[in-house]
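> Sharing a structure with you now.
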Amino acid sequence: MSTSPKERSLCKIDMKNKLNLTQSCRDALRIMLNLSDAGHSVEHVVRVYDWCRKLAHHYPQTDLKVLKVAAYWHDVGRTKQSEDKDDHNIKSAQMVEQYLKKHHAPEVFIKKVKNTVVYHSFRFKSKTIEGKILHDADKLSIMGNHELLDALEGYQEGFSSKTFGGQHMINFMKYALSKTKKEVTHLEAGLILPQSKKFYLNRQKQIFQIAKIIEQKAKY
C-alpha cells in the first residue's frame with residue numbers, strides 16, 4: 001500500500017529526530033576518555049554494559065534501550081564531580097538529560113534513563129528493573145578482573161617467554177588475585193537482584209579455585 005506525501009514527510013521527520021543509540025554510546029565514551037581514573041575507564045564502562053546484558057537476559061521485562069544508554073553514560077559525571085563529595089551519579093544524570101534533549105529523545109525515555117543513572121550508586125536502591133540491573137552490573141564489573149583472567153588463560157595455555165616465565169606468571173597472578181579477593185568480599189550484601197548474587201557466588205568460587213592452583217604451583 002502506497003503512502004501519501006504527507007505520511008512520507010512525517011516519516012522523514014521521525015527518522016531525523018530518532019535517537020541514534022550507537023552514536024550516543026560513542027559520545028559517552030569520548031567524554032570518558034578525558035577522565036584520569038583507572039578504576040572508571042572506558043574499559044570499565046564496556047564491562048558494566050556487558051554485565052548489564054548478562055543480567056537483562058534473566059529479566060525480560062527490561063527496556064534494553066534505556067539500559068544501554070544509561071550504562072554508557074552512568075559515569076560521565078565523574079569528569080565534573082565535586083571535590084568534596086561523590087555526586088557523580090547526579091552529574092551523570094544531568095549530562096545525559098542534556099544530551100538526550102539535544103538529540104530529541106522522547107521525554108519518557110529521558111526520564112527513564114535519568115532515573116536509571118541516578119540510582120546506580122551504592123547509596124541508592126532503584127525501584128525499576130533497569131536501575132537495579134545497572135546498580136548491580138556496576139558492582140559486578142569489579143569481579144571480571146581482566147588482569148586475573150588474562151593471566152589465568154595464559155597459564156592454562158602454557159604461555160611463557162624469556163621475560164615472562166612461569167615464576168613471573170605465578171607472582172603476577174598472586175598479585176591480581178589478592179587485589180580481586182579484596183574487592184569482591186564486600187560486594188554480596190550490596191547487590192539487589194537474585195541473579196546478581198548467583199553470578200557473585202559463582203565468580204567467588206572461581207576465584208578461590210584459582211587461588212588453590214596458584215598456591216600449589218608456587219610450592220614447586
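Chain labels run A, B, ... following the order of the C-alpha cells; each chain numbers its residues from 1, and ligands are numbered from 1 in the order shown.
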With only C-alpha atoms as the counted atoms, please give the residues lying no more than 8 Å from Val113 in chain A, apart from itself and same-chain residues fewer than 3 positions off, as a list in words.

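Those residues are Val66, Leu67, Val69, Ala70, Ala93, Val96, Phe109, Ile110, Thr116 and Val117 of chain A.
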
> Take the residues just selected and output them with N, CA and C atoms as a short mmCIF file (atom, residue, chain, number, x, y, z; two decimals), in the first residue's frame.


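To be explicit, this is the file written out as again.cif:
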data_model
loop_
_atom_site.label_atom_id
_atom_site.label_comp_id
_atom_site.auth_asym_id
_atom_site.auth_seq_id
_atom_site.Cartn_x
_atom_site.Cartn_y
_atom_site.Cartn_z
N VAL A 66 16.91 1.75 27.12
CA VAL A 66 17.15 2.58 28.31
C VAL A 66 18.40 2.11 29.02
N LEU A 67 18.52 0.81 29.19
CA LEU A 67 19.66 0.24 29.92
C LEU A 67 20.97 0.50 29.20
N VAL A 69 21.83 3.00 27.04
CA VAL A 69 22.24 4.39 27.15
C VAL A 69 22.69 4.71 28.57
N ALA A 70 21.93 4.24 29.56
CA ALA A 70 22.27 4.51 30.96
C ALA A 70 23.63 3.91 31.32
N ALA A 93 23.50 12.06 35.43
CA ALA A 93 22.08 12.16 35.05
C ALA A 93 21.80 13.49 34.36
N VAL A 96 23.44 13.39 30.75
CA VAL A 96 22.73 12.56 29.77
C VAL A 96 21.38 13.18 29.44
N PHE A 109 11.48 8.50 27.63
CA PHE A 109 12.77 7.81 27.53
C PHE A 109 13.82 8.53 28.36
N ILE A 110 13.85 9.85 28.26
CA ILE A 110 14.83 10.65 29.01
C ILE A 110 14.65 10.44 30.51
N THR A 116 17.58 5.71 35.94
CA THR A 116 18.48 4.56 35.96
C THR A 116 19.89 4.99 36.33
N VAL A 117 20.34 6.09 35.78
CA VAL A 117 21.69 6.59 36.06
C VAL A 117 21.82 7.05 37.51
#

> Just want the 12 Å neighbourhood of His40 in chain A, counted on only C-alpha atoms, with same-chain residues fewer than 5 positions away dropped. Output as a PDB file with C-alpha atoms, in the first residue's frame.


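The resulting result17.pdb:
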ATOM      1  CA  LEU A  29      32.943   7.054  25.652  1.00  0.00           C
ATOM      2  CA  ILE A  31      33.706  12.021  27.386  1.00  0.00           C
ATOM      3  CA  MET A  32      35.141   9.186  29.483  1.00  0.00           C
ATOM      4  CA  LEU A  33      38.449   9.433  27.611  1.00  0.00           C
ATOM      5  CA  ASN A  34      39.010  12.753  29.405  1.00  0.00           C
ATOM      6  CA  LEU A  35      38.799  11.088  32.829  1.00  0.00           C
ATOM      7  CA  VAL A  45      32.091   1.222  31.056  1.00  0.00           C
ATOM      8  CA  VAL A  46      32.235  -1.562  28.477  1.00  0.00           C
ATOM      9  CA  ARG A  47      32.471  -4.223  31.206  1.00  0.00           C
ATOM     10  CA  VAL A  48      29.497  -2.694  33.022  1.00  0.00           C
ATOM     11  CA  TYR A  72      27.354   4.036  28.786  1.00  0.00           C
ATOM     12  CA  TRP A  73      26.542   7.365  30.461  1.00  0.00           C
ATOM     13  CA  HIS A  74      26.476   6.291  34.122  1.00  0.00           C
ATOM     14  CA  ASP A  75      29.977   7.583  34.966  1.00  0.00           C
ATOM     15  CA  VAL A  76      30.392  10.613  32.677  1.00  0.00           C
ATOM     16  CA  GLY A  77      29.632  12.843  35.663  1.00  0.00           C
ATOM     17  CA  ARG A  78      32.968  11.868  37.187  1.00  0.00           C
ATOM     18  CA  THR A  79      34.528  14.354  34.749  1.00  0.00           C
ATOM     19  CA  HIS A  88      28.887  11.751  40.058  1.00  0.00           C
ATOM     20  CA  ASP A 138      28.494  -1.619  38.184  1.00  0.00           C
ATOM     21  CA  LYS A 139      29.484  -3.675  41.221  1.00  0.00           C
ATOM     22  CA  SER A 141      32.246  -5.392  36.871  1.00  0.00           C
ATOM     23  CA  ILE A 142      34.937  -5.476  39.554  1.00  0.00           C
TER      24      ILE A 142
END

> Would you mind telling me which residue in A:Val118, A:Lys111, A:Gln206, A:Gln195 lies nearest to Lys91 in chain A when using only C-alpha atoms?

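Nearest candidate to Lys91 in chain A out of A:Val118, A:Lys111, A:Gln206, A:Gln195: A:Val118.
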
> Report, in Å with one decimal, the straight-line distance from CA of Lys54 in chain A to CA of Lys198 in chain A.

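It comes out at 11.9 Å.
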
> As an exercise, work out the distance from CA of Arg30 in chain A to CA of Val42 in chain A in Å and give it to one decimal place.

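One can read the CA of Arg30 in chain A to CA of Val42 in chain A distance as 8.6 Å.
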
> Which one is closest to Leu193 in chain A: A:Ile90, A:Asn115, A:Leu55, A:Asp37? Count only C-alpha atoms.

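Using only C-alpha atoms, the shortest distance to Leu193 in chain A belongs to A:Leu55.
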
> In Å, how far is it from CA of Tyr119 in chain A to CA of Gly131 in chain A?

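We find that CA of Tyr119 in chain A and CA of Gly131 in chain A lie 5.9 Å from each other.
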